[in-house]
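*Asks:* See final04.cif below, with mmCIF, C-alpha atoms.
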data_entry
#
loop_
_atom_site.label_atom_id
_atom_site.label_comp_id
_atom_site.auth_asym_id
_atom_site.auth_seq_id
_atom_site.Cartn_x
_atom_site.Cartn_y
_atom_site.Cartn_z
CA MET A 1 102.04 137.74 131.15
CA TRP A 2 100.30 134.47 130.35
CA PHE A 3 99.59 135.57 126.76
CA VAL A 4 103.27 136.01 125.80
CA PRO A 5 103.85 132.32 124.91
CA PHE A 6 100.69 132.39 122.82
CA LEU A 7 101.85 135.45 120.86
CA PHE A 8 105.29 133.90 120.47
CA GLY A 9 103.72 130.74 119.01
CA ILE A 10 101.72 132.79 116.52
CA LEU A 11 104.89 134.67 115.51
CA VAL A 12 106.86 131.44 115.00
CA ALA A 13 104.06 129.92 112.91
CA THR A 14 103.81 133.06 110.76
CA ILE A 15 107.57 133.20 110.15
CA LEU A 16 107.58 129.50 109.26
CA ILE A 17 104.73 129.88 106.76
CA TRP A 18 106.34 132.80 104.95
CA THR A 19 109.73 131.10 104.92
CA LEU A 20 108.25 127.98 103.34
CA ARG A 21 106.44 130.10 100.77
CA LEU A 22 109.63 132.00 99.98
CA PHE A 23 111.49 128.76 99.22
CA GLY A 24 108.68 127.37 97.10
CA HIS A 25 107.23 124.79 99.51
CA LYS A 26 103.64 125.80 98.91
CA GLU A 27 102.32 122.26 99.38
CA ILE A 28 103.64 122.16 102.96
CA VAL A 29 102.01 125.51 103.69
CA HIS A 30 98.79 124.18 102.19
CA ASN A 31 98.85 121.11 104.44
CA PHE A 32 99.60 123.28 107.47
CA MET A 33 96.75 125.68 106.75
CA THR A 34 94.37 122.82 105.97
CA SER A 35 95.00 121.32 109.39
CA ILE A 36 94.16 124.68 110.93
CA GLN A 37 90.96 125.06 108.92
CA LYS A 38 89.72 121.66 110.06
CA CYS A 39 89.73 122.72 113.68
CA ASN A 40 86.42 123.34 115.41
CA GLN A 41 87.17 124.74 118.88
CA PHE A 42 89.41 127.47 120.14
CA GLY A 43 90.27 125.38 123.20
CA PHE A 44 92.24 122.91 121.02
CA GLN A 45 90.58 119.93 122.64
CA GLN A 46 90.35 118.47 119.11
CA ASN A 47 93.62 119.92 117.80
CA SER A 48 91.87 123.23 117.07
CA VAL A 49 92.79 126.79 116.23
CA MET A 50 89.41 128.18 115.17
CA LEU A 51 87.38 130.52 117.30
CA ASN A 52 84.23 129.12 118.80
CA ARG A 53 81.64 131.82 118.30
CA THR A 54 79.59 130.83 121.33
CA SER A 55 80.47 130.87 125.02
CA THR A 56 84.18 130.09 124.50
CA PHE A 57 84.56 133.21 122.37
CA ARG A 58 82.82 135.35 124.98
CA ARG A 59 85.08 133.98 127.72
CA MET A 60 88.06 134.71 125.52
CA ILE A 61 87.03 138.36 125.24
CA LEU A 62 86.92 138.49 129.01
CA GLY A 63 90.44 137.07 129.12
CA GLN A 64 89.34 133.77 130.67
CA GLY A 65 89.11 131.23 127.87
CA LEU A 66 92.46 132.15 126.39
CA ARG A 67 94.20 132.05 129.76
CA GLN A 68 92.71 128.67 130.64
CA ASN A 69 93.57 127.12 127.31
CA SER A 70 96.85 128.87 126.53
CA GLY A 71 98.87 125.78 127.45
CA SER A 72 96.99 123.50 125.07
CA ILE A 73 97.00 126.23 122.41
CA ILE A 74 100.78 126.47 122.51
CA SER A 75 101.16 122.68 122.55
CA THR A 76 99.01 122.31 119.47
CA LEU A 77 100.74 125.16 117.66
CA ILE A 78 104.09 123.57 118.41
CA GLY A 79 102.77 120.25 117.11
CA MET A 80 101.60 121.84 113.87
CA VAL A 81 104.84 123.74 113.39
CA SER A 82 106.77 120.55 114.13
CA SER A 83 104.74 118.65 111.54
CA ALA A 84 105.42 121.32 108.91
CA CYS A 85 109.12 121.28 109.78
CA ASP A 86 109.19 117.49 109.42
CA GLN A 87 107.83 117.80 105.88
CA PHE A 88 110.48 120.42 105.18
CA SER A 89 113.35 118.35 106.63
CA THR A 90 112.19 114.93 105.36
CA PRO A 91 110.64 115.61 101.94
CA ASN A 92 111.21 112.08 100.64
CA VAL A 93 109.25 110.70 103.58
CA ALA A 94 106.52 113.32 103.11
CA PHE A 95 106.23 112.33 99.45
CA TYR A 96 105.90 108.64 100.26
CA GLU A 97 103.39 109.47 102.99
CA ASN A 98 101.29 111.06 100.23
CA LYS A 99 101.54 114.49 101.86
CA ILE A 100 103.40 116.37 99.13
CA PRO A 101 103.55 115.84 95.36
CA ALA A 102 106.59 115.11 93.25
CA LYS A 103 107.90 118.15 91.44
CA PRO A 104 107.67 119.42 88.79
CA ASN A 105 104.91 116.95 87.81
CA GLU A 106 102.83 117.79 90.91
CA GLU A 107 101.54 114.23 91.32
CA TYR A 108 101.25 112.39 94.62
CA ILE A 109 102.67 108.93 95.17
CA GLU A 110 99.27 107.23 95.23
CA GLU A 111 98.31 108.93 91.96
CA ILE A 112 101.50 107.64 90.37
CA LEU A 113 101.11 104.11 91.71
CA ILE A 114 97.49 103.91 90.52
CA LYS A 115 97.65 105.72 87.17
CA TRP A 116 101.17 105.14 85.85
CA PRO A 117 101.65 101.33 85.79
CA GLY A 118 101.47 100.15 82.19
CA ASN A 119 101.80 103.68 80.82
CA TYR A 120 105.14 102.96 79.17
CA THR A 121 105.20 106.15 77.13
CA LYS A 122 104.92 108.26 80.25
CA LEU A 123 107.48 106.22 82.15
CA GLN A 124 109.90 106.45 79.23
CA ASN A 125 109.55 110.14 78.48
CA ILE A 126 109.21 111.71 81.94
CA ALA A 127 112.57 111.44 83.65
CA THR A 128 111.93 113.73 86.61
CA TYR A 129 109.88 111.24 88.63
CA ILE A 130 112.61 108.65 89.16
CA GLN A 131 114.44 110.66 91.84
CA TRP A 132 111.24 110.99 93.85
CA LEU A 133 110.31 107.33 93.56
CA PHE A 134 113.83 106.10 94.33
CA PRO A 135 115.74 108.66 96.37
CA ASN A 136 119.32 107.93 97.31
CA ARG A 137 122.43 109.77 98.43
CA MET A 138 123.32 111.05 94.97
CA PRO A 139 121.80 114.21 93.48
CA GLY A 140 120.26 113.89 90.06
CA THR A 141 119.15 116.11 87.22
CA ASN A 142 115.83 117.05 88.85
CA LYS A 143 116.67 120.03 91.05
CA ASP A 144 113.25 119.82 92.71
CA ALA A 145 114.04 116.37 94.12
CA HIS A 146 115.99 115.74 97.32
CA VAL A 147 118.87 113.49 98.30
CA LEU A 148 118.17 110.88 100.94
CA THR A 149 119.19 111.59 104.54
CA ASP A 150 120.05 109.30 107.46
CA LYS A 151 116.88 110.37 109.24
CA GLU A 152 114.75 109.45 106.25
CA VAL A 153 116.45 106.08 105.86
CA THR A 154 115.56 105.23 109.46
CA ILE A 155 111.94 106.28 108.95
CA PHE A 156 111.58 104.25 105.75
CA GLN A 157 113.10 101.14 107.27
CA GLN A 158 110.82 101.32 110.30
CA SER A 159 107.59 101.99 108.38
CA PRO A 160 105.76 99.04 106.74
CA GLU A 161 103.49 101.51 104.91
CA LEU A 162 106.38 103.35 103.29
CA ARG A 163 108.24 100.14 102.45
CA ASN A 164 105.09 98.79 100.81
CA ARG A 165 104.83 101.85 98.59
CA VAL A 166 108.50 101.56 97.66
CA LYS A 167 107.87 97.94 96.69
CA ARG A 168 104.89 98.97 94.55
CA SER A 169 107.08 101.56 92.84
CA PHE A 170 109.67 98.88 92.19
CA GLU A 171 107.08 96.52 90.72
CA MET A 172 105.88 99.30 88.42
CA MET A 173 109.40 99.77 87.10
CA LEU A 174 109.97 96.03 86.74
CA ASP A 175 106.86 95.86 84.57
CA PHE A 176 108.21 98.76 82.52
CA TYR A 177 111.41 96.77 81.94
CA GLY A 178 109.50 93.61 80.99
CA LEU A 179 110.00 91.85 84.32
CA LYS A 180 107.85 90.87 87.28
CA LEU A 181 108.20 90.12 90.98
CA THR A 182 106.86 86.73 92.05
CA GLU A 183 105.17 85.90 95.35
CA GLU A 184 108.45 84.32 96.45
CA ASN A 185 110.24 87.64 95.82
CA GLN A 186 112.03 86.27 92.79
CA ILE A 187 112.24 88.27 89.58
CA GLN A 188 111.33 86.78 86.24
CA VAL A 189 110.84 87.87 82.65
CA LYS A 190 107.17 88.48 81.89
CA LYS A 191 105.50 86.55 79.11
CA GLY A 192 105.37 88.50 75.87
CA SER A 193 107.91 91.05 77.09
CA ASN A 194 110.35 90.86 74.18
CA LYS A 195 109.34 94.33 73.04
CA ARG A 196 110.03 95.80 76.47
CA LEU A 197 113.43 94.10 76.61
CA LYS A 198 114.32 95.46 73.17
CA VAL A 199 113.47 98.97 74.35
CA LEU A 200 115.74 98.45 77.34
CA ASN A 201 118.58 96.90 75.33
CA LYS A 202 119.89 100.06 73.69
CA MET A 203 123.29 101.68 73.90
CA ASN A 204 123.58 104.71 76.18
CA ASN A 205 120.11 104.02 77.51
CA HIS A 206 119.17 106.39 80.34
CA ASN A 207 117.22 103.50 81.87
CA PHE A 208 120.55 101.95 82.84
CA LEU A 209 121.17 104.99 85.04
CA CYS A 210 117.69 104.55 86.49
CA ILE A 211 118.46 100.94 87.36
CA THR A 212 121.56 102.07 89.26
CA ARG A 213 119.43 104.55 91.18
CA ILE A 214 116.76 101.96 91.92
CA LEU A 215 119.32 99.47 93.24
CA LEU A 216 120.82 102.08 95.56
CA ALA A 217 117.36 103.07 96.78
CA LEU A 218 116.32 99.48 97.47
CA LYS A 219 119.43 99.09 99.59
CA GLU A 220 118.56 102.13 101.72
CA LEU A 221 114.77 101.90 101.89
CA GLY A 222 114.37 98.47 103.42
CA HIS A 223 114.35 96.20 100.36
CA CYS A 224 117.96 95.05 100.05
CA LYS A 225 116.73 91.43 99.80
CA LEU A 226 115.23 92.24 96.40
CA MET A 227 118.58 93.30 94.98
CA ARG A 228 120.12 89.84 94.66
CA PRO A 229 117.22 88.22 92.74
CA TRP A 230 117.03 91.24 90.44
CA MET A 231 120.74 91.11 89.71
CA LYS A 232 120.45 87.37 89.14
CA CYS A 233 117.73 87.99 86.56
CA LEU A 234 119.72 90.75 84.86
CA ALA A 235 122.86 88.59 84.78
CA ASP A 236 120.90 85.82 83.09
CA LEU A 237 119.56 88.23 80.46
CA ILE A 238 123.00 89.76 79.81
CA TYR A 239 125.43 86.84 79.98
CA ASN A 240 123.27 83.79 79.34
CA LYS A 241 120.41 84.78 77.04
CA ASN A 242 122.19 87.76 75.46
CA GLN A 243 118.98 89.81 75.48
CA LEU A 244 120.49 92.77 77.34
CA HIS A 245 124.06 92.76 76.03
CA HIS A 246 124.14 96.57 75.84
CA ALA A 247 123.71 96.66 79.61
CA LYS A 248 126.94 94.77 80.23
CA PHE A 249 129.03 97.87 80.90
CA SER A 250 126.54 99.27 83.42
CA PHE A 251 126.24 95.87 85.08
CA GLU A 252 129.99 95.50 85.57
CA SER A 253 130.79 99.15 86.31
CA PHE A 254 127.88 100.21 88.51
CA TRP A 255 125.20 97.65 89.32
CA ILE A 256 127.44 94.98 90.80
CA ASP A 257 128.99 97.54 93.17
CA THR A 258 125.62 98.20 94.82
CA LEU A 259 125.60 94.67 96.28
CA ASP A 260 127.27 93.60 99.49
CA ALA A 261 130.34 91.35 99.27
CA GLU A 262 128.45 88.07 99.68
CA ASP A 263 125.93 88.86 96.96
CA GLN A 264 128.67 90.08 94.65
CA LEU A 265 130.47 86.75 94.93
CA TYR A 266 127.21 84.91 94.27
CA ILE A 267 126.46 86.89 91.10
CA ILE A 268 130.04 86.60 89.85
CA SER A 269 129.90 82.82 90.29
CA LEU A 270 126.72 82.72 88.21
CA ILE A 271 128.36 84.69 85.42
CA LYS A 272 131.35 82.35 85.42
CA ASN A 273 129.02 79.36 85.08
CA TYR A 274 127.36 80.98 82.07
CA SER A 275 130.71 81.23 80.30
CA VAL A 276 131.63 77.58 80.86
#
Starting from the file, lay out its structure as structure tokens.

*Replies:*
Amino acid sequence: MWFVPFLFGILVATILIWTLRLFGHKEIVHNFMTSIQKCNQFGFQQNSVMLNRTSTFRRMILGQGLRQNSGSIISTLIGMVSSACDQFSTPNVAFYENKIPAKPNEEYIEEILIKWPGNYTKLQNIATYIQWLFPNRMPGTNKDAHVLTDKEVTIFQQSPELRNRVKRSFEMMLDFYGLKLTEENQIQVKKGSNKRLKVLNKMNNHNFLCITRILLALKELGHCKLMRPWMKCLADLIYNKNQLHHAKFSFESFWIDTLDAEDQLYIISLIKNYSV
């Protein structure tokens, strides 16, 4: 009964595909089916699931090719199913790997990082993207986004590629707020950014909530060292230059709590010096 594992693999793959479709994960199904369509041999020597119409197909009809290659067929099917399951179980990773788009906008991370920087109107008016760019443990208003899991945190922290994309997302948001990241990983106010700071310095500004989310995400996604210089810059704008005075409540009630104890003491000491 050598063909039983093969049939079982087909059944599992079919159930998985329909389950993903049922729960609205069409992009994962698309990626799964695309990987199948790219195959070029039934023997799976190149990660394949397509029938070879020549001698391999004839041997298969005789019950030889399928028997000989059933082991590799099952292994490849399992690999494909596993890949699809990974996208299902780690959607934040899949998004940052450019495998699935953010919902409901249906844009991939590379599209966002290339097209959105400098588009302040889009960044201001579309609120659904922020949970995809900066996932953390807290659910948000976008029901299509996903909270961050321990497994995803580990993957992000171990992947230079993913951390680099997170950093690019952060730089895009800094620019939106009128700030910039220097080569020394310090954060400064951009020249000619008074207009951007005025937009940010409004009461009950939803961007203050976004900053809380970004800080929490930086902490989890391998960029905790960027939190202290950002908070230092924000403290200077709030308590020293008085350009972000409407952000004072968020700073004291939420932002400062995202830091570890040592960084909190450092920022508090800066604020005390400003008041002297």

*Asks:* For Glu252 (chain A), which of A:Cys233, A:Leu197, A:Ile109, A:Ile238 is the closest residue, counting all atoms listed in the file?

*Replies:*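 For Glu252 (chain A), the nearest of the candidates is A:Ile238.
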
*Asks:* Enumerate, as a ChimeraX atom specification, the residues matched when the PyMOL selection byres ((chain A and resi 251) around 10) is run on the file above.

*Replies:* /A:208,211-212,231,234-235,238,245-250,252-257

*Asks:* Would you give me, as CSV, each residue of region 127-246 of chain A having an atom within 8 Å of an atom of region 95-100 of chain A, along with its shortest atom pair and that distance in Å to one decimal, using all atoms listed in the file and sorting by chain and residue number?

*Replies:*
residue,atom,partner,partner_atom,distance
A:Trp132,CA,A:Phe95,CA,7.6
A:Leu162,CA,A:Tyr96,CA,6.1
A:Arg165,CA,A:Tyr96,CA,7.1
A:Val166,CA,A:Tyr96,CA,8.0

*Asks:* When you look at Asp175 (chain A) with a cut-off of 8 Å (counting all atoms listed in the file), what residues show up, excluding the ones that are within fewer than 4 positions of it in the same chain? I need them as a count of residues only.

*Replies:* 6

*Asks:* At what distance in Å, to one decimal, does CA of Lys232 (chain A) lie from CA of Ile271 (chain A)?

*Replies:*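 Those two atoms sit 9.1 Å apart.
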
*Asks:* Record the distance separating CA of His146 (chain A) and CA of Gly178 (chain A), expressed in Å with one decimal.

*Replies:*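 Computed distance, CA of His146 (chain A) to CA of Gly178 (chain A), equals 28.3 Å.
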
*Asks:* When the PyMOL selection byres ((chain A and resi 133) around 12) is applied to the file above, which residues end up in the set, as a PyMOL selection string?

*Replies:* chain A and resi 91-98+101-103+107-110+112-113+123+127-132+134-136+145-148+162-163+165-173+210+213-218+221

*Asks:* Separation of CA of Asp236 (chain A) and CA of Tyr274 (chain A), in Å?

*Replies:* 8.1 Å

*Asks:* Compare A:Pro229, A:Pro160, A:Gly192, A:Pro104 by their minimum atom-to-atom distance to Lys143 (chain A), counting only C-alpha atoms, and give me the closest one.

*Replies:*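 With only C-alpha atoms as the atom set, the closest residue is A:Pro104.
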
*Asks:* Pick the closest to Lys122 (chain A) from A:Asn164, A:Thr149, A:Gln158, A:Phe176: which is it, counting only C-alpha atoms?

*Replies:*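 Of A:Asn164, A:Thr149, A:Gln158, A:Phe176, the one nearest Lys122 (chain A), counting only C-alpha atoms, is A:Phe176.
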
*Asks:* Between A:Glu183, A:Glu161, A:Glu262, A:Glu106, which one has atoms that come closest to Gly222 (chain A), using all atoms listed in the file?

*Replies:*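 Among A:Glu183, A:Glu161, A:Glu262, A:Glu106, it is A:Glu161 that comes nearest to Gly222 (chain A).
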
*Asks:* Ranking A:Leu244, A:Leu259, A:Val199, A:Val189 by minimum distance to Gln124 (chain A) and counting only C-alpha atoms, which one comes first?

*Replies:* A:Val199

*Asks:* Given the choices A:Leu226, A:Thr182, A:Tyr266, A:Tyr177, which gets closest to Asn119 (chain A) if the distance is worked out from all atoms listed in the file?

*Replies:* A:Tyr177
